[in-house]
Amino acid sequence: METQQKQQNTIEADATADPSFLGAAFREIFYSPMNLALLSIICFLVYKIVRDRCEGPGSRDSAQKPAEPQLPKLRRDFTIKELREYDGNQPDGRVLVAVNGNVYDVTKGKRFYGPGGPYATFAGRDASRNLATFSVVPNDKDEYDDLSDLNMMEMDSVRDWEMQFKEKYDFVGKLLRNGEQPTNYDNDSNDEDENIDDGSKKDN
Ligand code: HEM
């Protein structure tokens, strides 16, 4: 009996404590600009998560968006000058980037390399030196860059980046050294790795 009475008291105490607790919490949040800012960020993130879930495959919004047409696969070699045209600004929007002597079709990574993207300066260019030195400053050299002045760590970095490109994007061809003749890929075996320059961009 006594225990029941105690429990009843506790419940009543909680019920009376609740409103004042909530009030204190509201005051704490709404009277502090820092807490208000944090709350806004949390609300925004929750909104984004909920919105992204609602816009998943098959949702009304995604059904309305036309799927990006897939461009035909490219297989050819490029001089630095030829590569420059593929910066995503031409009508088909194709974007190519060269890394370590090999050219990759990064069109599906357009949000990174396309016009206005964070790495748009790599589009249509040899990005090796940028990737080695963590720079996004556009490399406007028209000459083939043999990277021979890069140190071991920088070259390792270029190779690591290339591995990532190789995994994610289609290999297109080689970046041609000055005077080098393009490969004829007409009878290509479809085995991309066979054609990929194994990296060492050293001068012959
Ligand atoms: C404050 C500095 C930087 C931040 C916060 C940053 C952030 C990021 C993030 C979050 C991603 C992954 C995006 C995703 O997969 O959704 C990414 C990818 C990448 N970042 Fe950065 N980055 C920075 C600087 C740089 C610099 C200086 C370079 C140039 C070497 C660089 C080159 C790249 C490349 C090539 C990718 C891969 C894009 C792809 O998947 O094709 N980033 N970065």
# chains A, B, ... in the order shown; residues from 1 in each chain; ligands from 1
call {"tool": "closest_atom_pairs", "arguments": {"of": "chain A", "to": "ligand 1", "cutoff": "10 Å", "atoms": "only C-alpha atoms and all ligand atoms", "output": "Markdown table"}}
result
| residue | atom | partner | partner_atom_place_in_ligand_line | distance |
| --- | --- | --- | --- | --- |
| A:Val97 | CA | ligand 1 | 41 (O) | 9.8 |
| A:Val106 | CA | ligand 1 | 41 (O) | 6.9 |
| A:Thr107 | CA | ligand 1 | 41 (O) | 9.4 |
| A:Lys108 | CA | ligand 1 | 41 (O) | 8.5 |
| A:Gly109 | CA | ligand 1 | 41 (O) | 5.4 |
| A:Lys110 | CA | ligand 1 | 41 (O) | 8.3 |
| A:Arg111 | CA | ligand 1 | 38 (C) | 8.7 |
| A:Phe112 | CA | ligand 1 | 38 (C) | 5.8 |
| A:Tyr113 | CA | ligand 1 | 41 (O) | 7.5 |
| A:Pro118 | CA | ligand 1 | 21 (Fe) | 7.8 |
| A:Tyr119 | CA | ligand 1 | 32 (C) | 6.6 |
| A:Thr121 | CA | ligand 1 | 29 (C) | 9.7 |
| A:Phe122 | CA | ligand 1 | 35 (C) | 8.4 |
| A:Ala127 | CA | ligand 1 | 30 (C) | 8.2 |
| A:Ser128 | CA | ligand 1 | 30 (C) | 8.7 |
| A:Arg129 | CA | ligand 1 | 30 (C) | 8.6 |
| A:Asn130 | CA | ligand 1 | 30 (C) | 5.4 |
| A:Leu131 | CA | ligand 1 | 30 (C) | 3.9 |
| A:Ala132 | CA | ligand 1 | 30 (C) | 6.8 |
| A:Thr133 | CA | ligand 1 | 30 (C) | 6.6 |
| A:Phe134 | CA | ligand 1 | 30 (C) | 3.6 |
| A:Ser135 | CA | ligand 1 | 27 (C) | 4.8 |
| A:Val136 | CA | ligand 1 | 29 (C) | 5.3 |
| A:Val137 | CA | ligand 1 | 29 (C) | 8.9 |
| A:Ser157 | CA | ligand 1 | 30 (C) | 9.6 |
| A:Val158 | CA | ligand 1 | 30 (C) | 9.5 |
| A:Trp161 | CA | ligand 1 | 35 (C) | 7.3 |
| A:Glu162 | CA | ligand 1 | 35 (C) | 9.4 |
| A:Gln164 | CA | ligand 1 | 40 (O) | 7.7 |
| A:Phe165 | CA | ligand 1 | 41 (O) | 6.7 |
| A:Glu167 | CA | ligand 1 | 40 (O) | 9.9 |
| A:Lys168 | CA | ligand 1 | 40 (O) | 7.3 |
| A:Tyr169 | CA | ligand 1 | 41 (O) | 8.1 |
call {"tool": "write_last_selection", "arguments": {"atoms": "N, CA and C atoms", "output": "tab-separated table (two decimals), in the first residue's frame"}}
result
chain	number	residue	atom	x	y	z
A	97	VAL	N	39.59	13.43	-68.79
A	97	VAL	CA	40.72	13.89	-67.95
A	97	VAL	C	41.86	12.89	-68.14
A	106	VAL	N	35.36	10.93	-67.79
A	106	VAL	CA	34.82	11.21	-66.46
A	106	VAL	C	33.44	11.88	-66.53
A	107	THR	N	32.76	11.67	-67.69
A	107	THR	CA	31.46	12.33	-67.88
A	107	THR	C	30.50	12.01	-66.73
A	108	LYS	N	30.56	10.77	-66.22
A	108	LYS	CA	29.61	10.45	-65.14
A	108	LYS	C	29.99	11.15	-63.82
A	109	GLY	N	31.17	11.71	-63.78
A	109	GLY	CA	31.57	12.50	-62.61
A	109	GLY	C	31.48	13.99	-62.91
A	110	LYS	N	30.50	14.33	-63.74
A	110	LYS	CA	30.35	15.72	-64.18
A	110	LYS	C	30.19	16.71	-63.04
A	111	ARG	N	29.57	16.23	-61.93
A	111	ARG	CA	29.38	17.18	-60.82
A	111	ARG	C	30.72	17.59	-60.22
A	112	PHE	N	31.76	16.79	-60.47
A	112	PHE	CA	33.11	17.18	-60.02
A	112	PHE	C	33.85	17.98	-61.09
A	113	TYR	N	33.80	17.44	-62.34
A	113	TYR	CA	34.69	17.98	-63.39
A	113	TYR	C	33.99	18.86	-64.42
A	118	PRO	N	33.87	21.51	-58.69
A	118	PRO	CA	35.05	21.87	-57.91
A	118	PRO	C	36.37	21.55	-58.63
A	119	TYR	N	36.34	20.57	-59.53
A	119	TYR	CA	37.58	20.19	-60.23
A	119	TYR	C	37.45	20.43	-61.73
A	121	THR	N	38.76	22.55	-63.44
A	121	THR	CA	40.05	22.91	-64.06
A	121	THR	C	40.80	21.68	-64.59
A	122	PHE	N	40.34	20.48	-64.20
A	122	PHE	CA	41.00	19.26	-64.71
A	122	PHE	C	40.39	18.83	-66.05
A	127	ALA	N	45.63	16.09	-65.66
A	127	ALA	CA	45.50	16.53	-64.26
A	127	ALA	C	46.61	15.95	-63.38
A	128	SER	N	47.56	15.21	-63.98
A	128	SER	CA	48.56	14.50	-63.17
A	128	SER	C	49.30	15.42	-62.19
A	129	ARG	N	49.81	16.52	-62.72
A	129	ARG	CA	50.61	17.42	-61.87
A	129	ARG	C	49.74	18.03	-60.77
A	130	ASN	N	48.51	18.37	-61.12
A	130	ASN	CA	47.59	18.92	-60.11
A	130	ASN	C	47.35	17.90	-58.99
A	131	LEU	N	47.10	16.65	-59.40
A	131	LEU	CA	46.81	15.63	-58.41
A	131	LEU	C	48.02	15.35	-57.53
A	132	ALA	N	49.21	15.43	-58.13
A	132	ALA	CA	50.44	15.17	-57.37
A	132	ALA	C	50.70	16.27	-56.35
A	133	THR	N	50.31	17.48	-56.71
A	133	THR	CA	50.66	18.62	-55.85
A	133	THR	C	49.43	19.21	-55.15
A	134	PHE	N	48.31	18.51	-55.23
A	134	PHE	CA	47.06	18.95	-54.61
A	134	PHE	C	46.72	20.39	-54.98
A	135	SER	N	46.69	20.62	-56.27
A	135	SER	CA	46.37	21.97	-56.73
A	135	SER	C	45.24	21.90	-57.75
A	136	VAL	N	44.37	22.89	-57.69
A	136	VAL	CA	43.31	22.95	-58.70
A	136	VAL	C	43.53	24.12	-59.66
A	137	VAL	N	44.72	24.70	-59.60
A	137	VAL	CA	45.07	25.80	-60.52
A	137	VAL	C	45.17	25.21	-61.93
A	157	SER	N	51.58	9.40	-55.54
A	157	SER	CA	50.27	10.01	-55.41
A	157	SER	C	49.54	10.00	-56.77
A	158	VAL	N	50.28	10.32	-57.83
A	158	VAL	CA	49.68	10.28	-59.17
A	158	VAL	C	49.16	8.88	-59.47
A	161	TRP	N	46.02	8.09	-57.50
A	161	TRP	CA	44.87	8.74	-58.10
A	161	TRP	C	44.43	8.00	-59.34
A	162	GLU	N	45.42	7.57	-60.15
A	162	GLU	CA	45.05	6.89	-61.38
A	162	GLU	C	44.28	5.61	-61.10
A	164	GLN	N	42.25	5.12	-58.76
A	164	GLN	CA	40.86	5.50	-58.48
A	164	GLN	C	40.10	5.81	-59.76
A	165	PHE	N	40.78	6.50	-60.69
A	165	PHE	CA	40.13	6.82	-61.96
A	165	PHE	C	39.83	5.54	-62.73
A	167	GLU	N	39.29	2.60	-61.62
A	167	GLU	CA	38.18	1.84	-61.03
A	167	GLU	C	36.83	2.46	-61.36
A	168	LYS	N	36.80	3.78	-61.38
A	168	LYS	CA	35.50	4.46	-61.49
A	168	LYS	C	35.10	4.82	-62.92
A	169	TYR	N	36.08	5.11	-63.76
A	169	TYR	CA	35.77	5.65	-65.09
A	169	TYR	C	36.29	4.77	-66.22
call {"tool": "select_by_dssp", "arguments": {"residues": "range 75-149 of chain A", "states": "strand (DSSP E)", "output": "list of chain:residue names"}}
result
A:Leu96, A:Val97, A:Ala98, A:Val99, A:Asn102, A:Val103, A:Tyr104, A:Asp105, A:Arg125, A:Asp126
call {"tool": "residues_around", "arguments": {"residues": "Glu82 in chain A", "least_positions_apart": "6", "cutoff": "12 Å", "atoms": "only C-alpha atoms", "output": "ChimeraX atom specification"}}
result
/A:76,96-98,103,124-126,142-144,174-176,182
call {"tool": "closest_residue", "arguments": {"among": "A:Gly88, A:Gly93, A:Gly101, A:Pro138", "to": "Leu71 in chain A", "atoms": "only C-alpha atoms"}}
result
A:Gly93
call {"tool": "atom_distance", "arguments": {"atom1": "CA of Lys166 in chain A", "atom2": "CA of Lys141 in chain A"}}
result
24.1 Å
call {"tool": "select_by_dssp", "arguments": {"residues": "range 108-170 of chain A", "states": "alpha helix (DSSP H)", "output": "ChimeraX atom specification"}}
result
/A:110-113,128-133,152-168
call {"tool": "write_last_selection", "arguments": {"atoms": "N, CA and C atoms", "output": "tab-separated table (two decimals), in the first residue's frame"}}
result
chain	number	residue	atom	x	y	z
A	110	LYS	N	30.50	14.33	-63.74
A	110	LYS	CA	30.35	15.72	-64.18
A	110	LYS	C	30.19	16.71	-63.04
A	111	ARG	N	29.57	16.23	-61.93
A	111	ARG	CA	29.38	17.18	-60.82
A	111	ARG	C	30.72	17.59	-60.22
A	112	PHE	N	31.76	16.79	-60.47
A	112	PHE	CA	33.11	17.18	-60.02
A	112	PHE	C	33.85	17.98	-61.09
A	113	TYR	N	33.80	17.44	-62.34
A	113	TYR	CA	34.69	17.98	-63.39
A	113	TYR	C	33.99	18.86	-64.42
A	128	SER	N	47.56	15.21	-63.98
A	128	SER	CA	48.56	14.50	-63.17
A	128	SER	C	49.30	15.42	-62.19
A	129	ARG	N	49.81	16.52	-62.72
A	129	ARG	CA	50.61	17.42	-61.87
A	129	ARG	C	49.74	18.03	-60.77
A	130	ASN	N	48.51	18.37	-61.12
A	130	ASN	CA	47.59	18.92	-60.11
A	130	ASN	C	47.35	17.90	-58.99
A	131	LEU	N	47.10	16.65	-59.40
A	131	LEU	CA	46.81	15.63	-58.41
A	131	LEU	C	48.02	15.35	-57.53
A	132	ALA	N	49.21	15.43	-58.13
A	132	ALA	CA	50.44	15.17	-57.37
A	132	ALA	C	50.70	16.27	-56.35
A	133	THR	N	50.31	17.48	-56.71
A	133	THR	CA	50.66	18.62	-55.85
A	133	THR	C	49.43	19.21	-55.15
A	152	MET	N	59.39	11.07	-55.62
A	152	MET	CA	58.80	9.73	-55.53
A	152	MET	C	57.39	9.77	-54.91
A	153	MET	N	57.28	10.58	-53.87
A	153	MET	CA	55.98	10.64	-53.18
A	153	MET	C	54.91	11.22	-54.10
A	154	GLU	N	55.30	12.23	-54.86
A	154	GLU	CA	54.33	12.85	-55.77
A	154	GLU	C	53.92	11.86	-56.87
A	155	MET	N	54.91	11.10	-57.37
A	155	MET	CA	54.59	10.11	-58.40
A	155	MET	C	53.69	9.00	-57.84
A	156	ASP	N	53.96	8.60	-56.57
A	156	ASP	CA	53.10	7.59	-55.94
A	156	ASP	C	51.67	8.11	-55.85
A	157	SER	N	51.58	9.40	-55.54
A	157	SER	CA	50.27	10.01	-55.41
A	157	SER	C	49.54	10.00	-56.77
A	158	VAL	N	50.28	10.32	-57.83
A	158	VAL	CA	49.68	10.28	-59.17
A	158	VAL	C	49.16	8.88	-59.47
A	159	ARG	N	49.99	7.86	-59.15
A	159	ARG	CA	49.58	6.48	-59.43
A	159	ARG	C	48.35	6.07	-58.61
A	160	ASP	N	48.33	6.52	-57.34
A	160	ASP	CA	47.16	6.20	-56.50
A	160	ASP	C	45.89	6.83	-57.07
A	161	TRP	N	46.02	8.09	-57.50
A	161	TRP	CA	44.87	8.74	-58.10
A	161	TRP	C	44.43	8.00	-59.34
A	162	GLU	N	45.42	7.57	-60.15
A	162	GLU	CA	45.05	6.89	-61.38
A	162	GLU	C	44.28	5.61	-61.10
A	163	MET	N	44.69	4.89	-60.04
A	163	MET	CA	43.96	3.66	-59.66
A	163	MET	C	42.48	3.99	-59.42
A	164	GLN	N	42.25	5.12	-58.76
A	164	GLN	CA	40.86	5.50	-58.48
A	164	GLN	C	40.10	5.81	-59.76
A	165	PHE	N	40.78	6.50	-60.69
A	165	PHE	CA	40.13	6.82	-61.96
A	165	PHE	C	39.83	5.54	-62.73
A	166	LYS	N	40.81	4.62	-62.71
A	166	LYS	CA	40.67	3.37	-63.45
A	166	LYS	C	39.47	2.57	-62.95
A	167	GLU	N	39.29	2.60	-61.62
A	167	GLU	CA	38.18	1.84	-61.03
A	167	GLU	C	36.83	2.46	-61.36
A	168	LYS	N	36.80	3.78	-61.38
A	168	LYS	CA	35.50	4.46	-61.49
A	168	LYS	C	35.10	4.82	-62.92
call {"tool": "residues_around", "arguments": {"residues": "Arg177 in chain A", "least_positions_apart": "3", "cutoff": "9 Å", "atoms": "only C-alpha atoms", "output": "list in words"}}
result
Thr79, Ile80, Gly101, Glu143, Tyr144, Asp145, Asp146, Glu180, Gln181 and Asp203 of chain A
call {"tool": "write_last_selection", "arguments": {"atoms": "C-alpha atoms", "output": "short mmCIF file (atom, residue, chain, number, x, y, z; two decimals), in the first residue's frame"}}
result
data_model
loop_
_atom_site.label_atom_id
_atom_site.label_comp_id
_atom_site.auth_asym_id
_atom_site.auth_seq_id
_atom_site.Cartn_x
_atom_site.Cartn_y
_atom_site.Cartn_z
CA THR A 79 47.28 15.03 -78.04
CA ILE A 80 47.12 17.66 -75.31
CA GLY A 101 49.53 9.36 -69.48
CA GLU A 143 53.30 20.68 -74.19
CA TYR A 144 53.23 17.07 -73.02
CA ASP A 145 54.27 16.99 -69.36
CA ASP A 146 56.63 14.08 -68.64
CA GLU A 180 53.91 10.08 -80.96
CA GLN A 181 51.53 8.31 -83.35
CA ASP A 203 60.67 10.11 -71.29
#
call {"tool": "atom_distance", "arguments": {"atom1": "CA of Ala120 in chain A", "atom2": "CA of Pro72 in chain A"}}
result
22.0 Å
call {"tool": "residues_around", "arguments": {"residues": "Asn102 in chain A", "least_positions_apart": "6", "cutoff": "8 Å", "atoms": "only C-alpha atoms", "output": "list in words"}}
result
Phe171, Val172, Gly173, Lys174, Leu175, Ile196, Asp197 and Gly199 of chain A
call {"tool": "write_last_selection", "arguments": {"atoms": "C-alpha atoms", "output": "PDB file, in the first residue's frame"}}
result
ATOM      1  CA  PHE A 171      39.657   4.255 -70.086  1.00  0.00           C
ATOM      2  CA  VAL A 172      39.629   6.037 -73.446  1.00  0.00           C
ATOM      3  CA  GLY A 173      43.197   5.988 -74.739  1.00  0.00           C
ATOM      4  CA  LYS A 174      46.651   7.376 -74.232  1.00  0.00           C
ATOM      5  CA  LEU A 175      47.846  10.931 -73.956  1.00  0.00           C
ATOM      6  CA  ILE A 196      46.509   1.250 -70.362  1.00  0.00           C
ATOM      7  CA  ASP A 197      49.972   2.733 -70.158  1.00  0.00           C
ATOM      8  CA  GLY A 199      52.019   4.582 -65.710  1.00  0.00           C
TER       9      GLY A 199
END
